[in-house]
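Have a look at structure_36.cif; it's mmCIF, C-alpha atoms and all ligand atoms:
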data_my_file
loop_
_atom_site.label_atom_id
_atom_site.label_comp_id
_atom_site.auth_asym_id
_atom_site.auth_seq_id
_atom_site.Cartn_x
_atom_site.Cartn_y
_atom_site.Cartn_z
CA MET A 1 -79.85 82.80 -80.96
CA THR A 2 -76.58 83.99 -79.42
CA THR A 3 -73.94 86.24 -80.95
CA ASN A 4 -71.60 84.31 -83.20
CA TRP A 5 -68.24 85.61 -82.05
CA LEU A 6 -65.33 84.37 -84.14
CA TYR A 7 -63.02 84.27 -81.13
CA ARG A 8 -65.27 81.75 -79.37
CA ARG A 9 -65.18 79.29 -82.26
CA THR A 10 -62.66 76.58 -83.09
CA TRP A 11 -61.00 76.51 -86.52
CA LYS A 12 -63.09 73.43 -87.26
CA GLU A 13 -66.32 75.32 -86.59
CA VAL A 14 -65.13 78.17 -88.80
CA GLU A 15 -64.38 75.68 -91.56
CA THR A 16 -67.92 74.29 -91.27
CA TYR A 17 -69.40 77.83 -91.28
CA LEU A 18 -67.52 78.63 -94.48
CA GLU A 19 -69.15 75.69 -96.26
CA THR A 20 -72.45 77.59 -96.30
CA ASP A 21 -71.65 81.24 -95.52
CA SER A 22 -68.93 83.69 -96.52
CA ARG A 23 -70.14 86.75 -94.59
CA ILE A 24 -68.52 88.30 -91.54
CA ILE A 25 -69.00 91.52 -89.57
CA ILE A 26 -66.11 93.47 -88.04
CA PRO A 27 -66.94 96.26 -85.55
CA VAL A 28 -64.60 99.27 -85.34
CA GLY A 29 -64.73 102.04 -82.75
CA SER A 30 -62.43 104.13 -80.61
CA CYS A 31 -61.11 104.48 -77.08
CA GLU A 32 -61.60 108.17 -76.46
CA GLN A 33 -63.05 110.56 -73.91
CA HIS A 34 -66.84 110.96 -74.00
CA GLY A 35 -67.20 113.57 -71.28
CA LYS A 36 -67.34 113.06 -67.52
CA PHE A 37 -70.42 110.90 -67.80
CA ALA A 38 -69.88 108.22 -70.50
CA PRO A 39 -67.25 105.52 -71.02
CA LEU A 40 -64.15 105.83 -73.20
CA GLY A 41 -65.35 102.78 -75.11
CA THR A 42 -68.67 104.35 -76.19
CA ASP A 43 -67.98 104.15 -79.95
CA THR A 44 -66.74 100.55 -79.91
CA LEU A 45 -69.54 99.44 -77.56
CA ALA A 46 -72.08 101.00 -79.94
CA ALA A 47 -70.65 99.19 -82.98
CA VAL A 48 -70.40 95.92 -81.04
CA ALA A 49 -74.01 96.16 -79.78
CA VAL A 50 -75.40 96.64 -83.29
CA ALA A 51 -73.17 93.92 -84.76
CA ALA A 52 -74.05 91.47 -81.96
CA ASP A 53 -77.82 91.87 -82.36
CA ALA A 54 -77.62 91.58 -86.17
CA SER A 55 -75.53 88.44 -85.69
CA ARG A 56 -78.17 86.96 -83.34
CA ARG A 57 -80.79 87.48 -86.03
CA THR A 58 -78.80 86.24 -89.03
CA GLY A 59 -76.24 83.80 -87.65
CA VAL A 60 -73.43 85.79 -89.33
CA LEU A 61 -70.05 85.59 -87.56
CA VAL A 62 -68.58 88.67 -85.85
CA ALA A 63 -64.79 89.18 -85.88
CA PRO A 64 -63.07 90.67 -82.80
CA PRO A 65 -63.62 94.45 -82.75
CA LEU A 66 -60.93 97.06 -83.33
CA TRP A 67 -61.15 98.80 -79.96
CA TYR A 68 -59.03 101.74 -81.07
CA GLY A 69 -59.69 104.54 -83.51
CA TRP A 70 -58.04 107.70 -84.77
CA SER A 71 -58.65 110.27 -82.03
CA PRO A 72 -55.88 112.91 -82.08
CA HIS A 73 -58.18 115.71 -80.83
CA HIS A 74 -59.46 113.69 -77.85
CA MET A 75 -55.95 113.14 -76.47
CA VAL A 76 -56.75 116.21 -74.38
CA LYS A 77 -58.31 113.89 -71.77
CA PRO A 78 -56.76 110.85 -70.06
CA GLY A 79 -57.63 107.34 -71.14
CA THR A 80 -57.88 108.28 -74.82
CA VAL A 81 -55.75 106.11 -77.10
CA SER A 82 -55.22 107.51 -80.58
CA ILE A 83 -53.78 105.21 -83.22
CA ARG A 84 -52.45 106.80 -86.42
CA ALA A 85 -54.88 106.40 -89.30
CA GLU A 86 -52.22 104.74 -91.48
CA VAL A 87 -51.58 102.11 -88.78
CA LEU A 88 -55.32 101.42 -88.37
CA MET A 89 -55.66 101.15 -92.14
CA GLU A 90 -52.94 98.48 -92.27
CA LEU A 91 -54.40 96.67 -89.24
CA LEU A 92 -57.88 96.48 -90.74
CA ALA A 93 -56.53 95.50 -94.16
CA ASP A 94 -54.48 92.68 -92.61
CA ALA A 95 -57.47 91.43 -90.58
CA LEU A 96 -59.73 91.41 -93.67
CA ASP A 97 -57.00 89.91 -95.83
CA SER A 98 -56.39 87.08 -93.31
CA LEU A 99 -60.08 86.25 -93.25
CA ALA A 100 -60.29 86.49 -97.05
CA ARG A 101 -57.52 83.91 -97.39
CA HIS A 102 -59.65 81.45 -95.42
CA GLY A 103 -62.64 81.96 -97.70
CA PHE A 104 -64.58 84.85 -96.20
CA ALA A 105 -65.72 86.94 -99.15
CA ASP A 106 -68.36 89.38 -97.88
CA PHE A 107 -67.35 91.79 -95.15
CA VAL A 108 -69.31 94.45 -93.30
CA VAL A 109 -67.23 96.92 -91.33
CA VAL A 110 -69.48 98.49 -88.67
CA ASN A 111 -68.09 101.87 -87.66
CA GLY A 112 -69.02 103.48 -84.34
CA HIS A 113 -66.51 106.34 -84.50
CA ARG A 114 -68.33 108.29 -87.20
CA ILE A 115 -66.62 110.44 -89.80
CA VAL A 116 -63.17 110.30 -88.17
CA ASN A 117 -62.76 106.61 -88.99
CA ILE A 118 -64.39 106.63 -92.41
CA ALA A 119 -61.47 107.84 -94.56
CA TRP A 120 -59.01 105.14 -93.52
CA ILE A 121 -61.65 102.39 -93.55
CA GLN A 122 -62.51 103.35 -97.15
CA ILE A 123 -58.86 103.09 -98.22
CA ALA A 124 -58.35 99.73 -96.48
CA ALA A 125 -61.64 98.37 -97.87
CA GLU A 126 -60.84 99.40 -101.45
CA ARG A 127 -57.43 97.78 -101.30
CA VAL A 128 -58.70 94.50 -99.87
CA GLN A 129 -61.54 94.37 -102.40
CA ARG A 130 -59.13 94.90 -105.28
CA LEU A 131 -56.33 92.60 -104.16
CA SER A 132 -58.30 89.81 -102.47
CA LYS A 133 -61.35 89.83 -104.80
CA VAL A 134 -63.88 90.16 -102.00
CA ARG A 135 -66.70 92.60 -101.21
CA VAL A 136 -66.45 95.06 -98.34
CA ALA A 137 -69.39 97.18 -97.17
CA LEU A 138 -68.93 100.07 -94.76
CA PHE A 139 -71.79 100.47 -92.29
CA ASP A 140 -71.49 103.76 -90.43
CA LEU A 141 -73.84 104.20 -87.48
CA ALA A 142 -74.28 107.96 -88.03
CA TYR A 143 -75.03 107.74 -91.75
CA MET A 144 -77.24 104.66 -91.38
CA SER A 145 -79.35 106.32 -88.68
CA SER A 146 -80.03 109.72 -90.22
CA GLU A 147 -83.78 109.07 -90.78
CA ILE A 148 -84.47 107.63 -87.33
CA SER A 149 -82.42 110.38 -85.67
CA GLY A 150 -84.71 112.91 -87.35
CA ARG A 151 -87.86 111.05 -86.29
CA LEU A 152 -86.66 110.81 -82.69
CA GLY A 153 -86.04 114.56 -82.64
CA PHE A 154 -82.34 114.20 -81.92
CA GLY A 155 -80.39 117.42 -82.19
CA THR A 156 -77.39 117.83 -84.42
CA ILE A 157 -74.44 115.42 -84.20
CA GLY A 158 -71.80 116.52 -81.71
CA HIS A 159 -69.69 114.47 -79.38
CA GLY A 160 -71.19 112.69 -76.36
CA GLU A 161 -74.54 114.14 -77.42
CA GLU A 162 -78.05 112.71 -76.98
CA ILE A 163 -77.68 110.30 -79.91
CA GLU A 164 -74.78 108.23 -78.69
CA ILE A 165 -75.68 108.69 -75.02
CA SER A 166 -79.28 107.48 -75.59
CA HIS A 167 -77.78 104.47 -77.34
CA MET A 168 -75.47 103.83 -74.36
CA LEU A 169 -78.42 104.20 -71.94
CA HIS A 170 -80.13 101.42 -73.88
CA CYS A 171 -77.09 99.11 -74.27
CA HIS A 172 -74.97 99.83 -71.18
CA PRO A 173 -76.92 102.00 -68.68
CA GLU A 174 -74.54 100.98 -65.89
CA LEU A 175 -71.71 102.86 -67.66
CA VAL A 176 -73.47 106.24 -67.95
CA ASP A 177 -73.83 108.81 -65.15
CA LEU A 178 -76.20 111.32 -66.69
CA LYS A 179 -76.18 113.47 -63.52
CA GLN A 180 -72.65 114.57 -64.48
CA ALA A 181 -73.69 115.61 -68.00
CA ARG A 182 -73.89 119.25 -69.08
CA ASP A 183 -75.27 120.46 -72.38
CA ASN A 184 -73.10 122.38 -74.78
CA PRO A 185 -75.37 122.94 -77.80
CA LYS A 186 -73.65 123.01 -81.16
CA THR A 187 -73.97 126.09 -83.27
CA GLU A 188 -74.88 125.41 -86.85
CA LYS A 189 -72.19 126.30 -89.33
CA GLU A 190 -72.91 127.13 -92.93
CA LEU A 191 -69.57 125.66 -93.93
CA TYR A 192 -67.97 122.54 -92.49
CA HIS A 193 -71.03 121.39 -90.60
CA ILE A 194 -70.81 117.65 -89.81
CA ASP A 195 -74.12 115.83 -89.73
CA PRO A 196 -75.57 113.56 -92.43
CA ARG A 197 -79.03 115.09 -91.86
CA ASN A 198 -77.85 118.62 -92.50
CA CYS A 199 -77.63 120.10 -95.99
CA HIS A 200 -74.47 121.92 -94.88
CA ASP A 201 -72.64 118.64 -94.28
CA THR A 202 -69.72 118.96 -96.67
CA LEU A 203 -67.91 115.74 -95.64
CA CYS A 204 -64.73 117.85 -95.74
CA TYR A 205 -63.74 116.82 -92.28
CA VAL A 206 -60.36 117.37 -90.63
CA PRO A 207 -60.16 116.41 -86.92
CA ALA A 208 -59.96 119.33 -84.49
CA THR A 209 -56.76 119.97 -82.56
CA GLU A 210 -56.06 119.17 -78.93
CA ASP A 211 -55.90 122.90 -78.37
CA ASP A 212 -59.44 123.34 -79.69
CA LEU A 213 -60.64 120.75 -77.18
CA ARG A 214 -58.66 122.37 -74.36
CA LYS A 215 -60.42 125.68 -75.06
CA LEU A 216 -63.77 123.85 -75.11
CA ALA A 217 -62.99 122.32 -71.69
CA GLN A 218 -62.07 125.73 -70.27
CA LYS A 219 -65.23 127.31 -71.60
CA THR A 220 -67.78 124.59 -70.80
CA GLY A 221 -66.23 122.45 -68.06
CA ASP A 222 -66.24 119.33 -70.23
CA THR A 223 -65.21 118.15 -73.67
CA VAL A 224 -68.50 117.32 -75.32
CA THR A 225 -70.75 119.08 -77.81
CA GLY A 226 -74.51 118.63 -78.06
CA ARG A 227 -77.28 118.03 -75.54
CA PRO A 228 -76.57 114.83 -73.61
CA THR A 229 -79.11 115.67 -70.87
CA ARG A 230 -81.91 114.97 -73.37
CA SER A 231 -80.80 111.34 -73.70
CA THR A 232 -83.25 108.56 -72.83
CA ALA A 233 -83.00 104.77 -72.93
CA GLU A 234 -86.27 104.58 -74.89
CA LYS A 235 -84.93 106.77 -77.71
CA GLY A 236 -81.75 104.68 -77.57
CA ARG A 237 -83.77 101.49 -77.96
CA ARG A 238 -85.57 102.76 -81.08
CA TYR A 239 -82.31 104.05 -82.55
CA HIS A 240 -80.62 100.72 -81.86
CA GLU A 241 -83.43 98.67 -83.37
CA HIS A 242 -83.38 100.79 -86.52
CA LEU A 243 -79.65 100.21 -86.94
CA VAL A 244 -79.92 96.47 -86.33
CA GLU A 245 -82.72 96.26 -88.91
CA ARG A 246 -80.56 98.13 -91.44
CA LEU A 247 -77.54 95.93 -90.80
CA VAL A 248 -79.66 92.80 -91.21
CA GLN A 249 -80.83 94.26 -94.54
CA VAL A 250 -77.21 94.82 -95.67
CA LEU A 251 -76.28 91.24 -94.68
CA GLU A 252 -79.28 89.83 -96.52
CA GLN A 253 -78.39 91.79 -99.65
CA MET A 254 -74.90 90.33 -99.49
CA GLU A 255 -76.31 86.84 -99.27
CA SER A 256 -78.39 87.24 -102.41
ZN ZN A 301 -68.47 108.73 -79.78
#
Can you dump the structure from the file as structure tokens?
Amino acid sequence: MTTNWLYRRTWKEVETYLETDSRIIIPVGSCEQHGKFAPLGTDTLAAVAVAADASRRTGVLVAPPLWYGWSPHHMVKPGTVSIRAEVLMELLADALDSLARHGFADFVVVNGHRIVNIAWIQIAAERVQRLSKVRVALFDLAYMSSEISGRLGFGTIGHGEEIEISHMLHCHPELVDLKQARDNPKTEKELYHIDPRNCHDTLCYVPATEDDLRKLAQKTGDTVTGRPTRSTAEKGRRYHEHLVERLVQVLEQMES
């Protein structure tokens, strides 16, 4: 089965789809620097890859992705596009609301930009649920993969680390140049640690500043944290399959 992209369908086909199904997936990511060795679109490509494979298995439609995210700290490197969270919130709410008016009633927002995107997605989702009487589930790749990340021996969540780079090596190996990658292991913090697997994850996240990232670049020669050199396509494949399985599960729950 192929991916059921909404943009490839006619309105007539969408009308027919809605006679038997009210579910739709919308991937959300970012366009931000991921070091010298991985593409700016890493987060969106990750969300799209998981959404596309879940769509192939279930037949659920996939709405066009939101290619941008909220990335103020990553503006330190060229190519990054940071959209204000309040603008993204309105954009997502309008997209969901438009689809709701046509009869879509069960949405899954697949987020590839981790904790940075979660706050505004939650606000948009709550508003659309309340005003349009629909259901919106938030499927975050980092939170939905915490068990498999542990089993695969992935280190702590950073940025451009072995988790997302392994995933890219599985989905888009042609876009990764691992020879350029340098490790910059993250030090564990007792307070304000960000990783769903870590008991010190407080969820009290405020994005870093551009200045923080500039200092990181001066110190390490790149703007990533974690151990990207440990990335492998095989670990990426197992991580990806776990996430697709989980998303299929979420879609099936919505159906029942
Ligand atoms: Zn990323």
* Nearby polymer residues, ligand ZN 301 (chain A), at most 12 Å, only C-alpha atoms and all ligand atoms, as number ranges by chain -> A: 28-35, 38-47, 68-71, 74, 80, 111-117, 141-142, 157-168, 223-226, 228
* Asked: From the set A:Gln218, A:Ser146, A:Ala105, A:Ser231, which residue has the shortest atom-to-atom contact distance to Thr20 (chain A), counting all atoms listed in the file?
  ->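 Using all atoms listed in the file, Thr20 (chain A) sits closest to A:Ala105.
Pairwise distance (CA of Gly150 (chain A), CA of Arg230 (chain A)) equals 14.4 Å.
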* **Spatial neighbours of Val62 (chain A), max dist 8 Å, all atoms listed in the file, sep filter under 5 positions, as a PyMOL selection string** => chain A and resi 3-6+24-27+51-52+55
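Among the candidates A:Val60, A:Val134, A:Ser82, A:Ile148, the one nearest to Arg237 (chain A) when counting all atoms listed in the file is A:Ile148.
Of note, CA of Lys186 (chain A) and CA of Thr156 (chain A) are spaced 7.2 Å apart.
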* Nearest-residue call for Asn198 (chain A), choices A:Pro72, A:Gly155, A:Pro173, A:Pro78, using only C-alpha atoms -> A:Gly155
* Point-to-point distance in Å for CA of Val81 (chain A) and CA of Ile121 (chain A) -> 17.9 Å
* To do: Using all atoms listed in the file, find the one residue out of A:Val128, A:Leu243, A:Leu203, A:Leu251 that sits nearest to Leu96 (chain A).
  =>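 Of A:Val128, A:Leu243, A:Leu203, A:Leu251, the one nearest Leu96 (chain A), counting all atoms listed in the file, is A:Val128.
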* Check the smallest atom-to-atom distance from each of A:His172, A:Lys235, A:His73, A:Lys179 to Val48 (chain A) using all atoms listed in the file, then report the winner. =>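 Smallest separation from Val48 (chain A) among the options: A:His172.
Counting only C-alpha atoms and comparing A:Pro64, A:Val248, A:Pro185, A:Leu152, the residue that lies closest to Phe139 (chain A) is A:Val248.
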6 Å per side around region 230-239 of chain A: axis-aligned box centre and edge lengths, as lines of an AutoDock Vina configuration file:
center_x = -83.5
center_y = 108.2
center_z = -77.7
size_x = 17.5
size_y = 25.5
size_z = 21.7
* To do: Mind listing whatever residues come within 6 Å of the point (-60.6, 97.0, -87.0)? Use only C-alpha atoms, file coordinates, and give them as a ChimeraX atom specification.
  => /A:28,65-66,92
For C-alpha atoms, I'd like the residues from the last selection saved as a compact mmCIF listing (two decimals), in the coordinates of the input.
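Written file, part.txt:
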# COMPACT_ATOMS: atom_id res chain seq x y z
CA VAL A 28 -64.60 99.27 -85.34
CA PRO A 65 -63.62 94.45 -82.75
CA LEU A 66 -60.93 97.06 -83.33
CA LEU A 92 -57.88 96.48 -90.74
* To do: Excluding Val244 (chain A) and any residue of its chain fewer than 5 positions from it, enumerate the residues within 9 Å of it, using only C-alpha atoms, and give them as a list in words.
  =>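 The neighbour list is Ala49, Val50, Ala51, Ala52, Asp53, Ala54, Tyr239 and Gln249 of chain A.
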* Give me the residues within 10 Å of Ala125 (chain A) as a VMD selection string, counting all atoms listed in the file and dropping any in the same chain fewer than 2 places off. => chain A and resid 89 92 to 93 96 to 97 107 to 109 120 to 123 127 to 130 134 to 138
